[in-house]
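Here's the structure, in structure tokens; my notes come after.
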Amino acid sequence: MSAPGSGARPVLEAVEVSKRFGGVAALDGVSIALRPGEVVCLLGDNGAGKSTLVRILTGVHPPDDGVVRLDGAPVAFGSPRDAAARGVAAVHQDLALLPLMSVWRNFWLGAEPTRGRGPFRRLDVARARKEARAALAAQGIELDVRRAVAGLSGGERQAVAIARALHRGARVLVLDEPTAALGVRQAGIVLEQIARAKAGGAAVLLVTHQPRHAWPVGDRFVALRRGRVELDRAKGELTEADLLDRMAGRRIESEG
């Protein structure tokens with residue numbers, strides 16, 4: 001069974017990328033492809049290389065070897081801001097949200113709509129609130145955008161950050177451990193947003209060490225171990241039990 005997006009050209013891919021820090025090889029010949037309308041789950045224990053790969057894909061670090069390609073062409077992002085401007089957005093655990101500010105102010109942070117010209121330019125509050133409310137509603141998020149972010153649950157904060165990235169034109173959404181500190185209900189809110197992003201055509205990379213959160217939304221599962229890919233399979237090629245066994249350190253029997 002083919003995974004969604006499996007026949008499409010990758011939007012973003014890393015090909016045989018390696019990264020060393022001093023004498024330590026954080027990544028060794030890792031390849032991964034992110035396609036439109038597909039959720040790739042990147043799994044592995046702490047120290048497996050997940051964070052290093054995310055940093056390479058989003059412009060924090062250049063690879064020492066290998067290449068990153070955007071729409072099939074080699075690319076060298078100068079920074080996360082550069083990557084985001086080209087449609088590759090990362091949502092990290094810290095979310096880059098300001099708790100004491102309202103939802104709508106956080107939604108527009110750094111890109112606020114204005115009206116007027118020159119010295120008479122000012123924030124267009126009515127438009128900012130209206131468009132933030134509409135963008136969140138389009139992602140199935142019903143919130144009072146005047147509320148302070150501090151009053152939101154963890155799942156709601158993640159949902160706001162995801163909706164903000166998509167509204168700003170993200171074609172690739174990299175989610176770094178979005179459910180790590182969330183309970184079952186709040187994790188469900190985040191997984192629903194991932195499914196919506198996929199349905200909207202985004203390529204999603206879900207970075208997690210929790211296979212039970214990855215399985216419901218994942219189309220392909222890539223597991224890293226000590227900086228190398230030890231598993232890369234479509235959902236139809238394994239079972240949830242296989243995945244749990246792999247993450248528990250037991251090999252999948254069908255590999256021989």
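Chain lettering (A, B, ...) mirrors the order of the structure tokens, residue numbering begins at 1 for each chain separately, and ligand numbering begins at 1 in order of display.
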
Write out as a compact mmCIF listing (two decimals) with C-alpha atoms, in the first residue's frame the set of residues from segment 161-214 of chain A that DSSP, computed on the backbone, places in strand (DSSP E or B).
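Okay, selection15.txt is ready:
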# COMPACT_ATOMS: atom_id res chain seq x y z
CA VAL A 172 6.90 22.18 5.05
CA LEU A 173 5.98 22.01 8.73
CA VAL A 174 8.62 20.66 11.11
CA LEU A 175 7.14 19.89 14.54
CA ASP A 176 9.74 19.25 17.21
CA ALA A 203 4.58 18.20 4.06
CA VAL A 204 4.84 17.45 7.77
CA LEU A 205 7.82 16.18 9.75
CA LEU A 206 6.69 15.08 13.21
CA VAL A 207 9.69 14.65 15.50

Excluding Arg220 of chain A and any residue of its chain fewer than 6 positions from it, enumerate the residues within 10 Å of it, using only C-alpha atoms, and give them as a short mmCIF file (atom, residue, chain, number, x, y, z; two decimals) with C-alpha atoms, in the first residue's frame.
data_model
loop_
_atom_site.label_atom_id
_atom_site.label_comp_id
_atom_site.auth_asym_id
_atom_site.auth_seq_id
_atom_site.Cartn_x
_atom_site.Cartn_y
_atom_site.Cartn_z
CA SER A 2 1.43 3.37 -1.00
CA ALA A 3 1.58 6.20 1.48
CA PRO A 4 -0.12 9.49 0.64
CA SER A 6 4.58 8.75 -2.06
CA ALA A 33 12.28 13.08 2.03
CA LEU A 34 9.23 15.21 2.85
CA GLU A 38 2.42 13.30 3.80
CA VAL A 39 3.36 13.02 7.48
CA VAL A 40 6.82 11.63 8.12
CA CYS A 41 7.46 10.69 11.74
CA LEU A 42 11.07 10.99 12.88
CA LEU A 205 7.82 16.18 9.75
CA ALA A 214 3.16 9.06 15.79
CA LEU A 231 14.27 2.27 9.92
CA ASP A 232 12.53 3.94 6.96
CA ARG A 233 9.17 2.40 6.14
CA ALA A 234 5.72 3.36 4.95
CA LYS A 235 2.83 2.68 7.31
CA GLY A 236 1.61 -0.18 5.15
CA GLU A 237 4.93 -1.98 5.59
CA LEU A 238 4.77 -2.43 9.35
#

Closest atom pairs, residues of segment 13-40 of chain A within 10 Å of segment 50-63 of chain A, only C-alpha atoms, as a Markdown table:
| residue | atom | partner | partner_atom | distance |
| --- | --- | --- | --- | --- |
| A:Glu13 | CA | A:Leu57 | CA | 8.0 |
| A:Ala14 | CA | A:Leu57 | CA | 7.3 |
| A:Glu16 | CA | A:Pro63 | CA | 9.5 |
| A:Val17 | CA | A:Pro63 | CA | 6.0 |
| A:Ser18 | CA | A:Pro63 | CA | 5.9 |
| A:Lys19 | CA | A:Pro63 | CA | 5.5 |
| A:Arg20 | CA | A:Pro63 | CA | 8.6 |
| A:Ala26 | CA | A:Thr52 | CA | 6.8 |
| A:Leu27 | CA | A:Thr52 | CA | 7.3 |
| A:Val30 | CA | A:Leu53 | CA | 8.4 |
| A:Ser31 | CA | A:Leu53 | CA | 9.6 |
| A:Ile32 | CA | A:Leu53 | CA | 9.4 |

### Query
Using only C-alpha atoms, which residues sit within 8 Å of Gly201 of chain A once same-chain residues fewer than 4 positions away are excluded, as a PyMOL selection string?
chain A and resi 36-38+171+197

May I have the selected residues written with C-alpha atoms, as a compact mmCIF listing (two decimals), in the first residue's frame?
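Contents of result.txt, freshly written:
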# COMPACT_ATOMS: atom_id res chain seq x y z
CA PRO A 36 3.19 17.25 0.01
CA GLY A 37 0.25 15.76 1.89
CA GLU A 38 2.42 13.30 3.80
CA ARG A 171 4.70 24.24 2.76
CA ALA A 197 -2.10 20.38 7.78

### Query
Nearest to Pro211 of chain A among A:Ala248, A:Ala159, A:Ile194, A:Ala150, with distances taken over only C-alpha atoms: which residue is it?
A:Ala248

### Task
Find the residues around Pro178 of chain A up to 9 Å (only C-alpha atoms counted), leave out those fewer than 4 positions away in its own chain, and share them as a PyMOL selection string.
chain A and resi 91-93+155+158+182+187+190+206-208

### Query
Skipping near chain neighbours, those fewer than 3 positions away, what residues fall within 9 Å of Leu243 of chain A using only C-alpha atoms, listed as an MDAnalysis selection string?
chainID A and resid 211:212 215 221 238:240 246:248 252

### Task
Mind checking which residues fall within 8 Å of Asp71 of chain A, counting only C-alpha atoms, ignoring those fewer than 2 positions away in the same chain, and posting them as a list of chain:residue names?
A:Arg9, A:Pro10, A:Val11, A:Leu12, A:Arg69, A:Ala73

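Here the question is which of A:Val125, A:Ala202, A:Ala84, A:Ala48 gets nearest to Val222 of chain A using only C-alpha atoms, and that residue is A:Ala48.
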
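Distances to Ala25 of chain A were evaluated for A:Glu177, A:Arg147, A:Gly183, A:Gly49 using only C-alpha atoms, and the minimum falls at A:Gly49.
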
### Query
From the set A:Gly169, A:Gly23, A:Pro99, A:Gly116, which residue has the shortest atom-to-atom contact distance to Gly151 of chain A, counting only C-alpha atoms?
A:Pro99
